[in-house]
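Chemist: Structure file input-v3.cif (mmCIF, C-alpha atoms) right here:
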data_target
#
loop_
_atom_site.label_atom_id
_atom_site.label_comp_id
_atom_site.auth_asym_id
_atom_site.auth_seq_id
_atom_site.Cartn_x
_atom_site.Cartn_y
_atom_site.Cartn_z
CA MET A 21 -45.12 -43.65 -10.72
CA THR A 22 -41.91 -43.40 -12.71
CA ALA A 23 -38.76 -43.19 -10.62
CA PRO A 24 -36.56 -40.18 -11.27
CA LEU A 25 -33.25 -40.51 -13.00
CA SER A 26 -30.35 -41.31 -10.74
CA ALA A 27 -27.46 -38.91 -11.19
CA SER A 28 -25.15 -41.34 -9.44
CA ARG A 29 -25.96 -44.28 -11.72
CA LEU A 30 -25.79 -42.05 -14.80
CA TRP A 31 -22.41 -40.68 -13.76
CA GLN A 32 -21.03 -44.17 -13.17
CA LEU A 33 -22.13 -45.24 -16.66
CA LEU A 34 -20.68 -42.07 -18.20
CA HIS A 35 -17.44 -42.66 -16.35
CA LYS A 36 -17.32 -46.24 -17.61
CA GLU A 37 -18.00 -45.21 -21.23
CA LEU A 38 -15.38 -42.46 -21.24
CA ARG A 39 -12.77 -44.72 -19.66
CA GLN A 40 -13.50 -47.38 -22.24
CA MET A 41 -12.98 -44.85 -25.03
CA LEU A 42 -9.85 -43.21 -23.67
CA ARG A 43 -7.92 -46.26 -22.47
CA ASP A 44 -8.02 -47.94 -25.88
CA PRO A 45 -5.13 -46.66 -28.07
CA ARG A 46 -7.09 -47.51 -31.20
CA SER A 47 -10.01 -45.42 -30.02
CA LEU A 48 -7.71 -42.49 -29.29
CA ARG A 49 -6.29 -42.69 -32.80
CA VAL A 50 -9.79 -42.71 -34.27
CA LEU A 51 -11.10 -39.91 -32.05
CA ILE A 52 -8.14 -37.53 -32.18
CA ALA A 53 -5.63 -38.37 -34.90
CA ALA A 54 -8.07 -39.48 -37.61
CA PRO A 55 -10.08 -36.20 -37.80
CA ILE A 56 -6.90 -34.11 -38.02
CA ILE A 57 -5.36 -36.33 -40.70
CA GLN A 58 -8.58 -36.39 -42.70
CA LEU A 59 -8.98 -32.61 -42.55
CA ILE A 60 -5.40 -31.97 -43.68
CA VAL A 61 -5.54 -34.54 -46.49
CA PHE A 62 -9.00 -33.53 -47.72
CA GLY A 63 -8.23 -29.84 -47.26
CA TYR A 64 -5.43 -30.11 -49.81
CA ALA A 65 -7.10 -32.72 -52.02
CA VAL A 66 -10.52 -31.06 -52.36
CA ASN A 67 -9.27 -28.13 -54.40
CA THR A 68 -10.87 -26.88 -57.61
CA ASP A 69 -8.37 -24.06 -58.20
CA VAL A 70 -6.37 -24.25 -61.42
CA ARG A 71 -2.69 -23.48 -60.91
CA HIS A 72 0.22 -24.10 -63.25
CA ALA A 73 -1.98 -25.68 -65.90
CA ARG A 74 0.10 -27.43 -68.54
CA THR A 75 -0.15 -25.33 -71.69
CA PHE A 76 0.87 -25.86 -75.33
CA LEU A 77 1.82 -22.67 -77.19
CA LEU A 78 1.53 -22.30 -80.96
CA ASP A 79 2.92 -18.82 -81.69
CA ALA A 80 2.64 -18.30 -85.43
CA ASP A 81 3.32 -14.56 -85.13
CA GLN A 82 6.65 -14.57 -83.25
CA THR A 83 6.47 -10.87 -82.38
CA VAL A 84 7.00 -8.76 -79.31
CA GLU A 85 3.24 -8.55 -78.82
CA SER A 86 2.73 -12.31 -78.98
CA ARG A 87 5.54 -12.82 -76.46
CA GLN A 88 4.01 -10.19 -74.18
CA LEU A 89 0.71 -12.06 -74.26
CA THR A 90 2.49 -15.32 -73.46
CA ASN A 91 4.33 -13.69 -70.57
CA ALA A 92 1.06 -12.27 -69.23
CA MET A 93 -0.42 -15.76 -69.11
CA THR A 94 2.57 -17.44 -67.46
CA ALA A 95 3.19 -14.60 -65.00
CA SER A 96 -0.29 -15.08 -63.57
CA GLY A 97 0.72 -18.46 -62.15
CA TYR A 98 -2.28 -20.13 -63.72
CA PHE A 99 -0.48 -21.46 -66.81
CA ASP A 100 2.90 -23.04 -67.53
CA VAL A 101 4.02 -23.38 -71.13
CA VAL A 102 5.42 -26.91 -71.22
CA ALA A 103 5.47 -27.44 -74.99
CA ARG A 104 5.66 -25.39 -78.19
CA GLY A 105 5.04 -26.19 -81.82
CA ASP A 106 4.85 -24.74 -85.30
CA ARG A 107 1.84 -26.61 -86.69
CA PRO A 108 -1.78 -26.89 -85.54
CA ALA A 109 -1.37 -30.66 -85.74
CA ASP A 110 1.23 -30.49 -82.95
CA LEU A 111 -1.25 -28.75 -80.68
CA THR A 112 -3.99 -31.25 -81.51
CA TYR A 113 -1.65 -34.17 -80.87
CA ALA A 114 -0.68 -32.80 -77.44
CA LEU A 115 -4.34 -32.47 -76.43
CA ASP A 116 -5.14 -35.96 -77.74
CA GLN A 117 -2.31 -37.43 -75.69
CA GLY A 118 -3.51 -35.67 -72.55
CA SER A 119 -0.10 -34.10 -71.97
CA VAL A 120 -1.54 -30.57 -71.75
CA LEU A 121 -4.75 -29.01 -70.49
CA LEU A 122 -4.81 -25.92 -72.68
CA GLY A 123 -3.65 -25.05 -76.17
CA VAL A 124 -3.06 -21.41 -77.18
CA HIS A 125 -2.83 -20.55 -80.90
CA ILE A 126 -1.65 -16.99 -81.66
CA PRO A 127 -2.24 -16.48 -85.42
CA ARG A 128 0.10 -14.85 -87.88
CA GLY A 129 -0.56 -11.11 -88.16
CA PHE A 130 -1.61 -10.81 -84.51
CA ALA A 131 0.67 -7.82 -83.81
CA ALA A 132 -0.13 -6.12 -87.13
CA ASP A 133 -3.86 -6.31 -86.48
CA ILE A 134 -3.41 -4.80 -83.03
CA ALA A 135 -1.22 -1.98 -84.39
CA ARG A 136 -3.83 -1.08 -87.03
CA GLY A 137 -6.72 -1.33 -84.61
CA ARG A 138 -8.26 -4.21 -86.49
CA PRO A 139 -10.09 -7.08 -84.80
CA THR A 140 -7.85 -10.02 -84.05
CA SER A 141 -8.31 -13.36 -82.36
CA VAL A 142 -6.50 -15.91 -80.23
CA GLN A 143 -7.66 -19.51 -80.33
CA LEU A 144 -7.98 -21.45 -77.09
CA LEU A 145 -8.36 -25.23 -77.14
CA VAL A 146 -9.00 -26.98 -73.84
CA ASP A 147 -9.29 -30.58 -72.74
CA GLY A 148 -12.93 -30.80 -71.67
CA SER A 149 -12.76 -34.30 -70.17
CA SER A 150 -12.75 -32.56 -66.79
CA ALA A 151 -15.52 -30.01 -67.27
CA ASN A 152 -14.94 -28.02 -64.08
CA THR A 153 -11.19 -27.67 -64.61
CA ALA A 154 -11.71 -26.77 -68.26
CA ASN A 155 -14.22 -24.03 -67.42
CA VAL A 156 -11.96 -22.54 -64.76
CA ALA A 157 -8.92 -22.58 -67.07
CA LEU A 158 -10.89 -21.00 -69.93
CA GLY A 159 -12.16 -18.31 -67.59
CA TYR A 160 -8.65 -17.42 -66.43
CA ALA A 161 -7.25 -17.41 -69.98
CA THR A 162 -10.12 -15.32 -71.36
CA GLN A 163 -9.70 -12.70 -68.64
CA ILE A 164 -5.93 -12.47 -69.16
CA ILE A 165 -6.26 -12.13 -72.93
CA GLY A 166 -9.06 -9.60 -72.57
CA ARG A 167 -7.04 -7.45 -70.17
CA TYR A 168 -4.02 -7.62 -72.46
CA GLY A 169 -6.09 -6.56 -75.47
CA LEU A 170 -7.61 -3.64 -73.58
CA SER A 171 -4.21 -2.52 -72.32
CA ARG A 172 -2.66 -2.62 -75.81
CA ALA A 173 -5.61 -0.75 -77.33
CA THR A 174 -5.26 1.98 -74.71
CA GLN A 175 -1.51 2.30 -75.38
CA ILE A 176 -2.01 2.55 -79.15
CA ALA A 177 -4.76 5.13 -78.75
CA ALA A 178 -2.52 7.20 -76.46
CA ARG A 179 0.35 7.16 -79.00
CA ALA A 180 -2.01 8.26 -81.76
CA GLY A 181 -3.35 11.09 -79.63
CA VAL A 182 -6.87 9.69 -79.74
CA PRO A 183 -8.85 10.58 -76.60
CA ALA A 184 -10.37 7.74 -74.65
CA SER A 185 -14.02 7.16 -75.44
CA ALA A 186 -16.44 8.46 -72.84
CA GLY A 187 -19.08 5.94 -73.77
CA GLY A 188 -19.30 2.24 -73.17
CA VAL A 189 -19.47 0.30 -69.94
CA ASP A 190 -16.84 0.49 -67.23
CA PHE A 191 -17.04 -3.12 -66.09
CA ARG A 192 -15.44 -3.79 -62.73
CA VAL A 193 -15.68 -6.97 -60.68
CA ARG A 194 -15.58 -7.02 -56.91
CA VAL A 195 -15.76 -10.37 -55.12
CA TRP A 196 -17.21 -10.39 -51.62
CA TYR A 197 -16.49 -12.90 -48.81
CA ASN A 198 -13.77 -14.76 -50.74
CA PRO A 199 -11.86 -12.05 -52.66
CA ASN A 200 -9.20 -14.35 -54.12
CA LEU A 201 -11.76 -17.00 -55.10
CA GLU A 202 -9.78 -19.68 -53.27
CA SER A 203 -11.71 -22.93 -53.36
CA ARG A 204 -10.03 -24.04 -50.14
CA ASN A 205 -11.87 -21.35 -48.17
CA TYR A 206 -15.13 -22.82 -49.48
CA ASN A 207 -14.26 -26.51 -49.26
CA VAL A 208 -12.47 -26.83 -45.90
CA PRO A 209 -15.55 -25.79 -43.83
CA ALA A 210 -17.52 -28.39 -45.77
CA VAL A 211 -14.89 -31.02 -44.95
CA ILE A 212 -15.45 -30.21 -41.27
CA GLY A 213 -19.11 -31.15 -41.64
CA ASN A 214 -18.34 -34.43 -43.36
CA ILE A 215 -15.76 -35.47 -40.76
CA VAL A 216 -18.10 -34.63 -37.88
CA MET A 217 -20.91 -36.68 -39.42
CA LEU A 218 -18.61 -39.64 -40.03
CA MET A 219 -17.25 -39.56 -36.48
CA THR A 220 -20.68 -39.33 -34.81
CA LEU A 221 -22.01 -42.23 -36.89
CA LEU A 222 -18.98 -44.34 -35.99
CA LEU A 223 -19.12 -43.51 -32.29
CA THR A 224 -22.72 -44.56 -31.80
CA SER A 225 -23.48 -47.28 -34.31
CA LEU A 226 -20.34 -49.39 -33.91
CA ALA A 227 -19.98 -48.92 -30.16
CA VAL A 228 -23.47 -50.20 -29.32
CA VAL A 229 -23.24 -53.13 -31.72
CA ARG A 230 -19.83 -54.05 -30.30
CA GLU A 231 -21.34 -54.30 -26.81
CA ARG A 232 -24.17 -56.41 -28.18
CA GLU A 233 -21.65 -58.78 -29.78
CA LEU A 234 -19.66 -59.03 -26.53
CA GLY A 235 -22.79 -59.60 -24.44
CA THR A 236 -22.20 -56.57 -22.20
CA LEU A 237 -25.29 -54.76 -23.46
CA GLU A 238 -27.55 -57.47 -22.02
CA GLN A 239 -25.71 -57.20 -18.71
CA LEU A 240 -26.38 -53.47 -18.65
CA MET A 241 -30.05 -54.04 -19.43
CA VAL A 242 -30.53 -56.31 -16.39
CA SER A 243 -28.62 -53.92 -14.12
CA PRO A 244 -30.41 -51.32 -11.93
CA LEU A 245 -29.96 -48.80 -14.75
CA ARG A 246 -33.21 -47.46 -16.13
CA PRO A 247 -33.61 -47.43 -19.95
CA ALA A 248 -33.39 -43.63 -20.06
CA GLU A 249 -30.18 -43.70 -18.03
CA LEU A 250 -28.71 -46.35 -20.31
CA ILE A 251 -29.50 -44.33 -23.43
CA LEU A 252 -28.13 -41.11 -21.93
CA GLY A 253 -25.03 -42.95 -20.80
CA LYS A 254 -24.47 -44.21 -24.33
CA THR A 255 -25.15 -40.95 -26.15
CA LEU A 256 -23.69 -38.24 -23.91
CA PRO A 257 -20.07 -39.48 -24.25
CA SER A 258 -20.53 -39.47 -28.01
CA VAL A 259 -21.86 -35.91 -27.81
CA LEU A 260 -18.82 -34.83 -25.79
CA VAL A 261 -16.40 -36.52 -28.16
CA GLY A 262 -18.23 -35.16 -31.20
CA MET A 263 -18.06 -31.59 -29.89
CA PHE A 264 -14.41 -32.09 -28.97
CA ASP A 265 -13.74 -33.12 -32.58
CA VAL A 266 -15.61 -30.03 -33.81
CA VAL A 267 -13.36 -27.79 -31.72
CA LEU A 268 -10.24 -29.72 -32.71
CA ILE A 269 -10.75 -29.63 -36.46
CA THR A 270 -12.01 -26.03 -36.37
CA VAL A 271 -8.76 -24.99 -34.68
CA VAL A 272 -6.79 -26.88 -37.34
CA ALA A 273 -8.79 -25.20 -40.11
CA LEU A 274 -8.10 -21.76 -38.65
CA LEU A 275 -4.43 -22.21 -37.75
CA TRP A 276 -3.21 -24.62 -40.44
CA PHE A 277 -5.24 -23.59 -43.49
CA ARG A 278 -5.78 -19.99 -42.36
CA ILE A 279 -9.45 -20.13 -43.28
CA PRO A 280 -11.05 -16.74 -42.54
CA PHE A 281 -13.60 -16.75 -39.74
CA GLU A 282 -15.99 -13.80 -39.83
CA GLY A 283 -18.86 -15.02 -37.68
CA SER A 284 -19.74 -16.10 -34.17
CA PHE A 285 -18.30 -19.16 -32.44
CA LEU A 286 -21.55 -19.40 -30.48
CA VAL A 287 -23.62 -19.77 -33.66
CA LEU A 288 -21.18 -22.37 -34.95
CA GLY A 289 -21.26 -24.21 -31.61
CA VAL A 290 -25.05 -24.39 -31.45
CA ALA A 291 -25.30 -25.59 -35.05
CA SER A 292 -22.58 -28.17 -34.43
CA LEU A 293 -24.33 -29.48 -31.30
CA LEU A 294 -27.60 -29.93 -33.20
CA PHE A 295 -25.75 -31.61 -36.06
CA VAL A 296 -23.87 -33.93 -33.69
CA LEU A 297 -27.15 -34.91 -32.02
CA THR A 298 -28.66 -35.71 -35.41
CA GLY A 299 -25.68 -37.88 -36.35
CA ILE A 300 -25.81 -39.69 -33.02
CA GLY A 301 -29.53 -40.33 -33.48
CA VAL A 302 -28.90 -41.85 -36.90
CA GLY A 303 -26.06 -43.95 -35.47
CA LEU A 304 -28.28 -45.13 -32.62
CA PHE A 305 -30.96 -46.16 -35.10
CA ILE A 306 -28.40 -48.05 -37.18
CA SER A 307 -27.30 -49.90 -34.05
CA THR A 308 -30.86 -51.13 -33.50
CA ILE A 309 -31.13 -52.69 -36.98
CA SER A 310 -27.64 -54.23 -37.04
CA ASN A 311 -26.52 -57.45 -35.41
CA THR A 312 -22.81 -57.22 -36.21
CA GLN A 313 -20.24 -54.46 -36.57
CA GLN A 314 -19.82 -55.30 -40.26
CA GLU A 315 -23.55 -54.88 -40.81
CA ALA A 316 -23.53 -51.59 -38.90
CA PHE A 317 -20.55 -50.36 -40.91
CA MET A 318 -22.28 -51.09 -44.22
CA SER A 319 -25.55 -49.52 -43.04
CA MET A 320 -23.66 -46.44 -41.90
CA PHE A 321 -22.12 -45.92 -45.32
CA MET A 322 -25.47 -46.50 -47.01
CA PHE A 323 -26.55 -43.35 -45.19
CA PHE A 324 -23.26 -41.45 -45.25
CA MET A 325 -22.50 -41.61 -48.97
CA PRO A 326 -25.88 -40.25 -50.19
CA ALA A 327 -25.72 -37.59 -47.48
CA LEU A 328 -22.24 -36.62 -48.71
CA MET A 329 -23.35 -36.41 -52.35
CA LEU A 330 -26.55 -34.48 -51.61
CA GLY A 331 -25.09 -32.19 -48.94
CA GLY A 332 -23.60 -29.68 -51.36
CA MET A 333 -19.93 -30.24 -50.63
CA MET A 334 -18.94 -31.66 -54.01
CA PHE A 335 -21.80 -30.47 -56.20
CA PRO A 336 -23.85 -27.28 -55.77
CA VAL A 337 -27.41 -28.10 -54.75
CA GLU A 338 -28.67 -25.38 -57.11
CA ASN A 339 -27.35 -27.34 -60.11
CA MET A 340 -29.27 -30.50 -59.20
CA PRO A 341 -32.66 -31.40 -60.73
CA PRO A 342 -35.64 -29.95 -58.84
CA TRP A 343 -36.75 -33.32 -57.42
CA VAL A 344 -33.22 -33.98 -56.14
CA GLN A 345 -33.12 -30.52 -54.54
CA THR A 346 -36.31 -31.46 -52.70
CA LEU A 347 -34.65 -34.67 -51.55
CA THR A 348 -31.66 -32.74 -50.16
CA LEU A 349 -33.98 -30.95 -47.72
CA PHE A 350 -33.97 -34.17 -45.67
CA ASP A 351 -30.17 -34.23 -45.54
CA PRO A 352 -28.87 -32.69 -42.28
CA LEU A 353 -25.47 -32.17 -43.85
CA ARG A 354 -26.90 -29.71 -46.37
CA HIS A 355 -28.32 -27.46 -43.64
CA TYR A 356 -25.17 -27.69 -41.54
CA LEU A 357 -22.91 -26.75 -44.47
CA ILE A 358 -25.02 -23.65 -45.13
CA VAL A 359 -24.45 -22.56 -41.54
CA VAL A 360 -20.74 -23.44 -41.45
CA ARG A 361 -19.89 -21.72 -44.72
CA GLY A 362 -22.02 -18.73 -43.80
CA VAL A 363 -20.40 -18.34 -40.38
CA PHE A 364 -16.85 -18.81 -41.66
CA LEU A 365 -16.96 -16.66 -44.80
CA ARG A 366 -19.90 -14.26 -44.51
CA GLY A 367 -20.17 -13.75 -40.77
CA ALA A 368 -23.75 -15.05 -40.80
CA SER A 369 -25.68 -14.27 -37.61
CA TRP A 370 -28.69 -15.82 -35.89
CA GLY A 371 -31.06 -13.82 -38.05
CA ILE A 372 -29.65 -15.36 -41.23
CA VAL A 373 -29.16 -19.01 -40.31
CA TRP A 374 -32.17 -19.52 -38.03
CA PRO A 375 -34.09 -21.56 -40.68
CA GLN A 376 -31.22 -24.06 -40.89
CA LEU A 377 -30.89 -24.18 -37.10
CA LEU A 378 -34.61 -24.81 -36.77
CA VAL A 379 -34.47 -27.65 -39.30
CA LEU A 380 -31.46 -29.21 -37.57
CA ALA A 381 -33.23 -28.98 -34.20
CA ALA A 382 -36.32 -30.67 -35.62
CA MET A 383 -34.21 -33.39 -37.23
CA ALA A 384 -32.24 -34.00 -34.04
CA ALA A 385 -35.39 -34.23 -31.90
CA SER A 386 -37.25 -36.52 -34.29
CA VAL A 387 -34.42 -38.91 -35.13
CA LEU A 388 -33.22 -39.13 -31.51
CA GLY A 389 -36.77 -39.73 -30.26
CA TYR A 390 -37.46 -42.46 -32.79
CA ALA A 391 -34.04 -44.08 -32.36
CA THR A 392 -34.42 -44.05 -28.57
CA ARG A 393 -37.77 -45.85 -28.70
CA LYS A 394 -36.43 -48.30 -31.26
CA PHE A 395 -33.29 -48.90 -29.19
CA HIS A 396 -35.31 -49.53 -26.04
CA LYS A 397 -37.56 -52.08 -27.76
CA THR A 398 -34.63 -53.83 -29.43
CA ALA A 399 -32.54 -53.94 -26.26
CA VAL A 400 -35.41 -55.28 -24.20
#
Before we go any further, please render this structure as structure tokens.
Modeler:
Amino acid sequence: MTAPLSASRLWQLLHKELRQMLRDPRSLRVLIAAPIIQLIVFGYAVNTDVRHARTFLLDADQTVESRQLTNAMTASGYFDVVARGDRPADLTYALDQGSVLLGVHIPRGFAADIARGRPTSVQLLVDGSSANTANVALGYATQIIGRYGLSRATQIAARAGVPASAGGVDFRVRVWYNPNLESRNYNVPAVIGNIVMLMTLLLTSLAVVRERELGTLEQLMVSPLRPAELILGKTLPSVLVGMFDVVLITVVALLWFRIPFEGSFLVLGVASLLFVLTGIGVGLFISTISNTQQEAFMSMFMFFMPALMLGGMMFPVENMPPWVQTLTLFDPLRHYLIVVRGVFLRGASWGIVWPQLLVLAAMAASVLGYATRKFHKTAV
């Protein structure tokens, strides 16, 4: 007959693990300072918005209308005219040198064509070496030029006494959940997921291997502690610290970056707990196949980097090849990011994110169960 778990022995082991974590200044820096620093640095660094893009202006028309168009572009805050020229070769040279992102060529006769109601054009040349930045910059410039052209056409029609056409399409854009299209609102919640995964992997994999190197793990194994008590004593402190980091960096995201939060903290908490358990299970498994901290560190990053790439933080999963999208289904980070972004920006409820919660629960149960059996056999 199997003896029941001893709450007293388990509490003593938990007390020992927490004291070991908290009395080490290096551990405190890793557990508290590191997540905050990473979130702040990554929150500013992971930004796909285009602001104050360096722009070369070739204004061959030199009219009031061409200057109005230039002012419309610079007033938006998206573009800064840093260089001007009189020849197309000057614009080409600036792009070749990489000194500007965008080149704007306003042709001669631009104002005259607008005044006569004739079709006119503005040439945009963009440095496409960074495809995402180029697409965003082109989108901003195209919208600004289109709005300017529509505004001027309406003014000219009003002066001529021509009534506005009743036909056509009244095209209006309304953005939900992130009205200003700020990439930070989309990226910072994803950074939270990456930091939590990194911290849980570090807490479990390196801590267990460190005790094996010091010989204290063998001492614990020959103590009155039962294997289940030993495993709980090793994982529960990591769960507590992991959830503490979730709360800490969520508070920083809300107060420092002012990320909107539309959902339920309970949904976020449950998803985070399941995600933390999955990360701890992976870290526990890594500790069973590693003999040194260096080996555990390398094994951890062999898991972390693919999970980061396939999780959907940097690259949308929908843009990946179909077979890679299938592979991402086994990445817990992908499911967690869906929940985090949904809760933060869309106010997603249980009825929306339950598939992701179910997958995370299944992953946590399976990886923890396997890692526990593997850890027990390895330790014995």
Chemist: For the point (-19.5, -50.1, -30.6) in the file's frame, write as an MDAnalysis selection string all residues with an atom no more than 12 Å away, counting all atoms listed in the file.
Modeler: chainID A and resid 37 40:41 47 220:237 254:255 258 303:304 306:308 310:317
Chemist: Let me make sure I understand: among A:Phe395, A:Phe364, A:Tyr168, A:Phe305, which one has the smallest atom-to-atom distance to Arg87 in chain A if we use all atoms listed in the file?
Modeler: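 Using all atoms listed in the file, Arg87 in chain A sits closest to A:Tyr168.
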Chemist: So what do you get for CA of Ala210 in chain A versus CA of Trp343 in chain A, distance-wise?
Modeler: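 CA of Trp343 in chain A lies at a distance of 23.0 Å from CA of Ala210 in chain A.
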Chemist: Given the file above and the PyMOL selection byres ((chain A and resi 218) around 10), which residues are selected, and can you give them as a PDB file with C-alpha atoms, in the frame of the given file?
Modeler:
ATOM      1  CA  PRO A  55     -10.080 -36.200 -37.800  1.00  0.00           C
ATOM      2  CA  GLY A 213     -19.110 -31.150 -41.640  1.00  0.00           C
ATOM      3  CA  ASN A 214     -18.340 -34.430 -43.360  1.00  0.00           C
ATOM      4  CA  ILE A 215     -15.760 -35.470 -40.760  1.00  0.00           C
ATOM      5  CA  VAL A 216     -18.100 -34.630 -37.880  1.00  0.00           C
ATOM      6  CA  MET A 217     -20.910 -36.680 -39.420  1.00  0.00           C
ATOM      7  CA  MET A 219     -17.250 -39.560 -36.480  1.00  0.00           C
ATOM      8  CA  THR A 220     -20.680 -39.330 -34.810  1.00  0.00           C
ATOM      9  CA  LEU A 221     -22.010 -42.230 -36.890  1.00  0.00           C
ATOM     10  CA  LEU A 222     -18.980 -44.340 -35.990  1.00  0.00           C
ATOM     11  CA  LEU A 223     -19.120 -43.510 -32.290  1.00  0.00           C
ATOM     12  CA  GLY A 262     -18.230 -35.160 -31.200  1.00  0.00           C
ATOM     13  CA  GLY A 299     -25.680 -37.880 -36.350  1.00  0.00           C
ATOM     14  CA  GLY A 303     -26.060 -43.950 -35.470  1.00  0.00           C
ATOM     15  CA  MET A 320     -23.660 -46.440 -41.900  1.00  0.00           C
ATOM     16  CA  PHE A 321     -22.120 -45.920 -45.320  1.00  0.00           C
ATOM     17  CA  PHE A 324     -23.260 -41.450 -45.250  1.00  0.00           C
ATOM     18  CA  MET A 325     -22.500 -41.610 -48.970  1.00  0.00           C
ATOM     19  CA  LEU A 328     -22.240 -36.620 -48.710  1.00  0.00           C
TER      20      LEU A 328
END
Chemist: Find the residue from A:Glu202, A:Asp147, A:Asp351, A:Asp133 that sits nearest to Leu111 in chain A; use only C-alpha atoms when measuring.
Modeler: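 Counting only C-alpha atoms, the residue closest to Leu111 in chain A is A:Asp147.
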Chemist: By how many Å are CA of Ala65 in chain A and CA of Ala103 in chain A apart?
Modeler: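 Atom-to-atom, CA of Ala65 in chain A and CA of Ala103 in chain A are spaced 26.7 Å apart.
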Chemist: Kindly indicate which residue among A:Gly301, A:Gly123, A:Pro199, A:Gly389 lies nearest to Asp110 in chain A, using only C-alpha atoms for the distances.
Modeler: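 Of the candidates, the smallest distance to Asp110 in chain A is held by A:Gly123.
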Chemist: Around (-9.8, -22.3, -40.1) in the file's frame, which residues reach within 12 Å when counting all atoms listed in the file? Return as an MDAnalysis selection string?
Modeler: chainID A and resid 59:60 63 204:212 266:283 285 360:361 363:365
